[in-house]
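Quick notes on the structure that follows.
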Amino acid sequence: GVNRTENRFCLRAANDEFTFVNHLTPLPQLDYRICTTEDMRSLHMLMTQQSLWDGLKEQEFKVLHSLLEEPVWRIPHTELPESLNESAICDYSESAIAMGLGHIVINEFWQENIGDFTVDKARFPTLKDTIDVLHRRGFKVVLTIQPFISTDSANFKDAVKRKLLIYERHSERSIPALTRYKSSSSAGVLDITNSASVPWLLEKLQRLKEEYGVQSFYLDLGTG
């Protein structure tokens with residue numbers, strides 16, 4: 001907090017019983033660093049130059065710049081997976097052309113089950129051709145992904161076997177913690193602090209890039 005009447009800036013550390021169930025120190029410990037520059041913009045630029053863009057390739061920078069500079073179109077949909085199909089994608093792109101080219105974001109319903117990370121061939125039998133049409137029209141295509149894996153997905157069993165999910169407390173990494181996510185009433189959560197989880201996910205995304213020519217992914221958020 002900042003005191004309006006006195007020249008004081010106050011920081012507080014607190015352990016609650018949910019987020020910090022495993023106390024690493026007897027008392028709450030707060031580690032912090034104070035950085036100062038002449039204004040907020042220069043401070044932000046200084047911090048991002050040091051960490052945010054490290055390791056990006058030239059082609060990745062080009063995609064990033066296009067995401068920041070060009071329109072991002074999200075196809076309207078209901079909560080039913082059937083609301084999204086190839087016709088809906090093509091029709092929406094025709095409407096968006098008049099307003100400007102950019103990125104078309106396809107929501108999570110391109111999968112049969114949340115966390116499949118494979119295209120639902122029943123609803124999208126010729127998605128590669130549809131994406132090629134969008135590319136010829138000048139659009140870039142973005143697929144929505146999320147850290148949730150439905151219990152109906154074949155990936156759920158595989159992730160449990162590989163111990164890639166967040167687990168119930170005190171279960172000795174044997175019982176996956178379940179939650180809800182949008183259309184999925186029961187889903188596990190990928191544990192990205194596990195060093196094996198990210199390569200497992202990247203392999204599936206790389207397969208999508210190679211098969212469908214998708215250039216980028218939108219990481220949807222959710223609460224555990």
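Lettering and numbering for the structure tokens are positional, with chains as A, B, ... in the shown order, residues counted from 1 in each chain, and ligands counted from 1 in the shown order.
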
Shell of 8 Å around segment 186-190 of chain A, only C-alpha atoms, local chain residues under 6 positions omitted, as an MDAnalysis selection string: chainID A and resid 147:151 156 164:166 176:180 197 224

Give me a file of those residues, with N, CA, C and O atoms, as a PDB file, in the first residue's frame.
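Dumped everything to part_14.pdb:
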```
ATOM      1  N   PRO A 147      -4.673 -25.389 -20.421  1.00  0.00           N
ATOM      2  CA  PRO A 147      -3.955 -26.380 -19.615  1.00  0.00           C
ATOM      3  C   PRO A 147      -4.861 -27.464 -19.036  1.00  0.00           C
ATOM      4  O   PRO A 147      -4.424 -28.261 -18.226  1.00  0.00           O
ATOM      5  N   PHE A 148      -6.141 -27.490 -19.444  1.00  0.00           N
ATOM      6  CA  PHE A 148      -7.089 -28.459 -18.917  1.00  0.00           C
ATOM      7  C   PHE A 148      -7.230 -29.650 -19.867  1.00  0.00           C
ATOM      8  O   PHE A 148      -7.203 -29.488 -21.085  1.00  0.00           O
ATOM      9  N   ILE A 149      -7.382 -30.835 -19.298  1.00  0.00           N
ATOM     10  CA  ILE A 149      -7.569 -32.055 -20.083  1.00  0.00           C
ATOM     11  C   ILE A 149      -8.799 -32.773 -19.558  1.00  0.00           C
ATOM     12  O   ILE A 149      -8.833 -33.209 -18.400  1.00  0.00           O
ATOM     13  N   SER A 150      -9.821 -32.877 -20.404  1.00  0.00           N
ATOM     14  CA  SER A 150     -11.059 -33.538 -20.007  1.00  0.00           C
ATOM     15  C   SER A 150     -10.812 -35.000 -19.667  1.00  0.00           C
ATOM     16  O   SER A 150      -9.980 -35.670 -20.294  1.00  0.00           O
ATOM     17  N   THR A 151     -11.580 -35.506 -18.693  1.00  0.00           N
ATOM     18  CA  THR A 151     -11.469 -36.929 -18.349  1.00  0.00           C
ATOM     19  C   THR A 151     -11.980 -37.803 -19.490  1.00  0.00           C
ATOM     20  O   THR A 151     -11.729 -39.006 -19.502  1.00  0.00           O
ATOM     21  N   PHE A 156      -6.023 -37.753 -21.110  1.00  0.00           N
ATOM     22  CA  PHE A 156      -6.123 -37.751 -19.646  1.00  0.00           C
ATOM     23  C   PHE A 156      -5.453 -39.004 -19.068  1.00  0.00           C
ATOM     24  O   PHE A 156      -4.647 -38.911 -18.142  1.00  0.00           O
ATOM     25  N   LEU A 164       1.707 -36.114 -15.223  1.00  0.00           N
ATOM     26  CA  LEU A 164       1.867 -34.760 -15.761  1.00  0.00           C
ATOM     27  C   LEU A 164       0.842 -33.775 -15.194  1.00  0.00           C
ATOM     28  O   LEU A 164       0.884 -32.589 -15.517  1.00  0.00           O
ATOM     29  N   LEU A 165      -0.084 -34.265 -14.370  1.00  0.00           N
ATOM     30  CA  LEU A 165      -1.175 -33.418 -13.891  1.00  0.00           C
ATOM     31  C   LEU A 165      -0.935 -32.929 -12.476  1.00  0.00           C
ATOM     32  O   LEU A 165      -0.108 -33.473 -11.737  1.00  0.00           O
ATOM     33  N   ILE A 166      -1.681 -31.892 -12.099  1.00  0.00           N
ATOM     34  CA  ILE A 166      -1.698 -31.451 -10.703  1.00  0.00           C
ATOM     35  C   ILE A 166      -2.485 -32.487  -9.903  1.00  0.00           C
ATOM     36  O   ILE A 166      -3.554 -32.929 -10.329  1.00  0.00           O
ATOM     37  N   PRO A 176      -5.311 -37.474  -9.425  1.00  0.00           N
ATOM     38  CA  PRO A 176      -5.317 -36.154 -10.073  1.00  0.00           C
ATOM     39  C   PRO A 176      -6.440 -35.273  -9.538  1.00  0.00           C
ATOM     40  O   PRO A 176      -7.553 -35.750  -9.283  1.00  0.00           O
ATOM     41  N   ALA A 177      -6.128 -33.997  -9.345  1.00  0.00           N
ATOM     42  CA  ALA A 177      -7.132 -33.027  -8.903  1.00  0.00           C
ATOM     43  C   ALA A 177      -8.015 -32.656 -10.082  1.00  0.00           C
ATOM     44  O   ALA A 177      -7.517 -32.339 -11.161  1.00  0.00           O
ATOM     45  N   LEU A 178      -9.343 -32.713  -9.900  1.00  0.00           N
ATOM     46  CA  LEU A 178     -10.276 -32.449 -10.988  1.00  0.00           C
ATOM     47  C   LEU A 178     -10.989 -31.120 -10.782  1.00  0.00           C
ATOM     48  O   LEU A 178     -11.216 -30.687  -9.656  1.00  0.00           O
ATOM     49  N   THR A 179     -11.342 -30.481 -11.882  1.00  0.00           N
ATOM     50  CA  THR A 179     -12.069 -29.220 -11.843  1.00  0.00           C
ATOM     51  C   THR A 179     -12.988 -29.162 -13.050  1.00  0.00           C
ATOM     52  O   THR A 179     -13.090 -30.133 -13.812  1.00  0.00           O
ATOM     53  N   ARG A 180     -13.690 -28.046 -13.228  1.00  0.00           N
ATOM     54  CA  ARG A 180     -14.529 -27.848 -14.404  1.00  0.00           C
ATOM     55  C   ARG A 180     -13.888 -26.806 -15.302  1.00  0.00           C
ATOM     56  O   ARG A 180     -13.211 -25.907 -14.833  1.00  0.00           O
ATOM     57  N   SER A 197       6.099 -31.995 -18.624  1.00  0.00           N
ATOM     58  CA  SER A 197       4.786 -31.589 -19.152  1.00  0.00           C
ATOM     59  C   SER A 197       4.889 -30.728 -20.404  1.00  0.00           C
ATOM     60  O   SER A 197       4.159 -30.947 -21.377  1.00  0.00           O
ATOM     61  N   GLY A 224      -8.141 -22.907 -11.219  1.00  0.00           N
ATOM     62  CA  GLY A 224      -8.181 -24.264 -10.698  1.00  0.00           C
ATOM     63  C   GLY A 224      -9.312 -24.455  -9.712  1.00  0.00           C
ATOM     64  O   GLY A 224      -9.707 -25.574  -9.466  1.00  0.00           O
TER      65      GLY A 224
END
```

Segment 127-138 of chain A surroundings by only C-alpha atoms, 7 Å radius, close-in-sequence under 5 positions cut, as a VMD selection string: chain A and resid 86 101 212

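Using only C-alpha atoms, the contacts of segment 96-98 of chain A at a cut-off of 10 Å, with sequence neighbours closer than 2 positions omitted, comprise Pro71, Trp73, Ile75, Cys90, Asp91, Tyr92, Ser93, Glu94, Gly100, Leu101, Gly102, Ile104, Arg137, Gly138 and Phe139 of chain A.
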
Keeping only N, CA, C and O atoms, write the selected residues as a compact mmCIF listing (two decimals), in the first residue's frame.
```txt
# COMPACT_ATOMS: atom_id res chain seq x y z
N PRO A 71 -5.40 -6.82 -36.45
CA PRO A 71 -6.63 -7.21 -35.73
C PRO A 71 -6.62 -8.70 -35.39
O PRO A 71 -6.07 -9.52 -36.12
N TRP A 73 -9.40 -11.55 -34.68
CA TRP A 73 -10.84 -11.82 -34.77
C TRP A 73 -11.17 -13.13 -34.07
O TRP A 73 -10.56 -14.15 -34.33
N ILE A 75 -14.13 -15.87 -33.42
CA ILE A 75 -15.41 -16.31 -33.98
C ILE A 75 -16.44 -16.45 -32.87
O ILE A 75 -16.21 -17.17 -31.89
N CYS A 90 -15.47 -20.18 -42.34
CA CYS A 90 -15.38 -19.52 -43.65
C CYS A 90 -16.31 -18.31 -43.73
O CYS A 90 -15.93 -17.25 -44.23
N ASP A 91 -17.54 -18.48 -43.22
CA ASP A 91 -18.51 -17.38 -43.26
C ASP A 91 -18.00 -16.19 -42.45
O ASP A 91 -18.14 -15.03 -42.86
N TYR A 92 -17.41 -16.47 -41.30
CA TYR A 92 -16.91 -15.38 -40.46
C TYR A 92 -15.76 -14.65 -41.13
O TYR A 92 -15.65 -13.42 -41.06
N SER A 93 -14.88 -15.40 -41.80
CA SER A 93 -13.74 -14.76 -42.46
C SER A 93 -14.20 -13.84 -43.58
O SER A 93 -13.61 -12.78 -43.81
N GLU A 94 -15.29 -14.22 -44.27
CA GLU A 94 -15.83 -13.36 -45.33
C GLU A 94 -16.34 -12.05 -44.75
O GLU A 94 -16.20 -10.98 -45.36
N GLY A 100 -10.77 -5.69 -42.25
CA GLY A 100 -9.31 -5.74 -42.18
C GLY A 100 -8.80 -7.13 -41.91
O GLY A 100 -9.40 -7.89 -41.14
N LEU A 101 -7.71 -7.48 -42.57
CA LEU A 101 -7.11 -8.79 -42.37
C LEU A 101 -6.40 -8.85 -41.02
O LEU A 101 -6.17 -7.84 -40.38
N GLY A 102 -6.07 -10.05 -40.61
CA GLY A 102 -5.40 -10.21 -39.32
C GLY A 102 -5.40 -11.67 -38.94
O GLY A 102 -5.18 -12.55 -39.78
N ILE A 104 -7.40 -14.95 -37.20
CA ILE A 104 -8.69 -15.54 -36.84
C ILE A 104 -8.44 -16.59 -35.76
O ILE A 104 -7.72 -17.57 -35.98
N ARG A 137 -6.75 -15.89 -48.40
CA ARG A 137 -7.48 -14.64 -48.20
C ARG A 137 -6.66 -13.61 -47.44
O ARG A 137 -7.03 -12.44 -47.37
N GLY A 138 -5.54 -14.05 -46.85
CA GLY A 138 -4.66 -13.13 -46.14
C GLY A 138 -4.73 -13.22 -44.63
O GLY A 138 -4.08 -12.43 -43.93
N PHE A 139 -5.48 -14.19 -44.11
CA PHE A 139 -5.60 -14.34 -42.66
C PHE A 139 -4.53 -15.29 -42.12
O PHE A 139 -4.06 -16.18 -42.83
```

Using the chain letters and numbers from this document, which residues of segment 4-163 of chain A does DSSP assign to strand (DSSP E), as a CSV table (one decimal) with N, CA, C and O atoms, in the first residue's frame?
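Written output follows (states_39.csv):
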```csv
chain,number,residue,atom,x,y,z
A,72,VAL,N,-7.2,-9.0,-34.3
A,72,VAL,CA,-7.4,-10.4,-33.9
A,72,VAL,C,-8.9,-10.7,-33.8
A,72,VAL,O,-9.6,-10.1,-33.0
A,73,TRP,N,-9.4,-11.5,-34.7
A,73,TRP,CA,-10.8,-11.8,-34.8
A,73,TRP,C,-11.2,-13.1,-34.1
A,73,TRP,O,-10.6,-14.2,-34.3
A,74,ARG,N,-12.1,-13.1,-33.2
A,74,ARG,CA,-12.6,-14.3,-32.4
A,74,ARG,C,-14.0,-14.6,-32.9
A,74,ARG,O,-14.9,-13.8,-32.9
A,103,HIS,N,-5.7,-11.9,-37.7
A,103,HIS,CA,-5.6,-13.3,-37.1
A,103,HIS,C,-7.1,-13.7,-36.8
A,103,HIS,O,-7.8,-13.0,-36.2
A,104,ILE,N,-7.4,-15.0,-37.2
A,104,ILE,CA,-8.7,-15.5,-36.8
A,104,ILE,C,-8.4,-16.6,-35.8
A,104,ILE,O,-7.7,-17.6,-36.0
A,105,VAL,N,-9.0,-16.3,-34.6
A,105,VAL,CA,-8.8,-17.3,-33.5
A,105,VAL,C,-10.0,-18.3,-33.4
A,105,VAL,O,-11.2,-17.9,-33.4
A,106,ILE,N,-9.7,-19.5,-33.5
A,106,ILE,CA,-10.6,-20.6,-33.5
A,106,ILE,C,-10.7,-21.1,-32.0
A,106,ILE,O,-9.7,-21.5,-31.5
A,140,LYS,N,-4.2,-15.1,-40.9
A,140,LYS,CA,-3.4,-16.1,-40.1
A,140,LYS,C,-4.4,-16.8,-39.1
A,140,LYS,O,-5.3,-16.2,-38.6
A,141,VAL,N,-4.1,-18.1,-38.9
A,141,VAL,CA,-5.1,-18.9,-38.1
A,141,VAL,C,-4.4,-19.2,-36.8
A,141,VAL,O,-3.3,-19.6,-36.7
A,142,VAL,N,-5.2,-19.0,-35.7
A,142,VAL,CA,-4.7,-19.3,-34.3
A,142,VAL,C,-5.7,-20.3,-33.7
A,142,VAL,O,-6.9,-20.1,-33.7
A,143,LEU,N,-5.1,-21.3,-33.1
A,143,LEU,CA,-6.0,-22.3,-32.4
A,143,LEU,C,-5.9,-22.1,-30.9
A,143,LEU,O,-4.8,-21.8,-30.4
A,144,THR,N,-7.0,-22.2,-30.2
A,144,THR,CA,-7.1,-22.0,-28.8
A,144,THR,C,-6.7,-23.3,-28.1
A,144,THR,O,-7.2,-24.3,-28.4
A,145,ILE,N,-5.8,-23.2,-27.1
A,145,ILE,CA,-5.4,-24.3,-26.3
A,145,ILE,C,-5.6,-23.9,-24.8
A,145,ILE,O,-5.7,-22.7,-24.5
A,148,PHE,N,-6.1,-27.5,-19.4
A,148,PHE,CA,-7.1,-28.5,-18.9
A,148,PHE,C,-7.2,-29.7,-19.9
A,148,PHE,O,-7.2,-29.5,-21.1
A,149,ILE,N,-7.4,-30.8,-19.3
A,149,ILE,CA,-7.6,-32.1,-20.1
A,149,ILE,C,-8.8,-32.8,-19.6
A,149,ILE,O,-8.8,-33.2,-18.4
A,150,SER,N,-9.8,-32.9,-20.4
A,150,SER,CA,-11.1,-33.5,-20.0
A,150,SER,C,-10.8,-35.0,-19.7
A,150,SER,O,-10.0,-35.7,-20.3
```

Separation of atom CA of Met47 of chain A from atom CA of Phe217 of chain A, in Å and rounded to one decimal: 24.6 Å

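Near Leu84 of chain A, within 8 Å and counting only C-alpha atoms, sit His77, Ile89, Phe109 and Trp110 of chain A, not including residues fewer than 5 positions from it in the same chain.
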
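Going from atom CA of His44 of chain A over to atom CA of Tyr218 of chain A, you cover 23.4 Å.
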
DSSP alpha helix (DSSP H) selection over segment 8-213 of chain A, as a VMD selection string: chain A and resid 40 to 51 58 to 69 86 to 97 127 to 137 154 to 162 197 to 212

Atom-to-atom span, atom CA of Glu82 of chain A and atom CA of Glu112 of chain A, Å: 9.9 Å

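Nearest residue to Tyr167 of chain A among A:Asn15, A:Asn194, A:Asn7, A:Thr25 is A:Asn194, counting only C-alpha atoms.
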
Proximity to Ile114 of chain A - best of A:Glu58, A:Glu79, A:Asp152, A:Glu70, only C-alpha atoms: A:Asp152

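Counting only C-alpha atoms, the residue from A:Lys161, A:His170, A:Leu11, A:Asp16 that sits nearest to Arg33 of chain A is A:Leu11.
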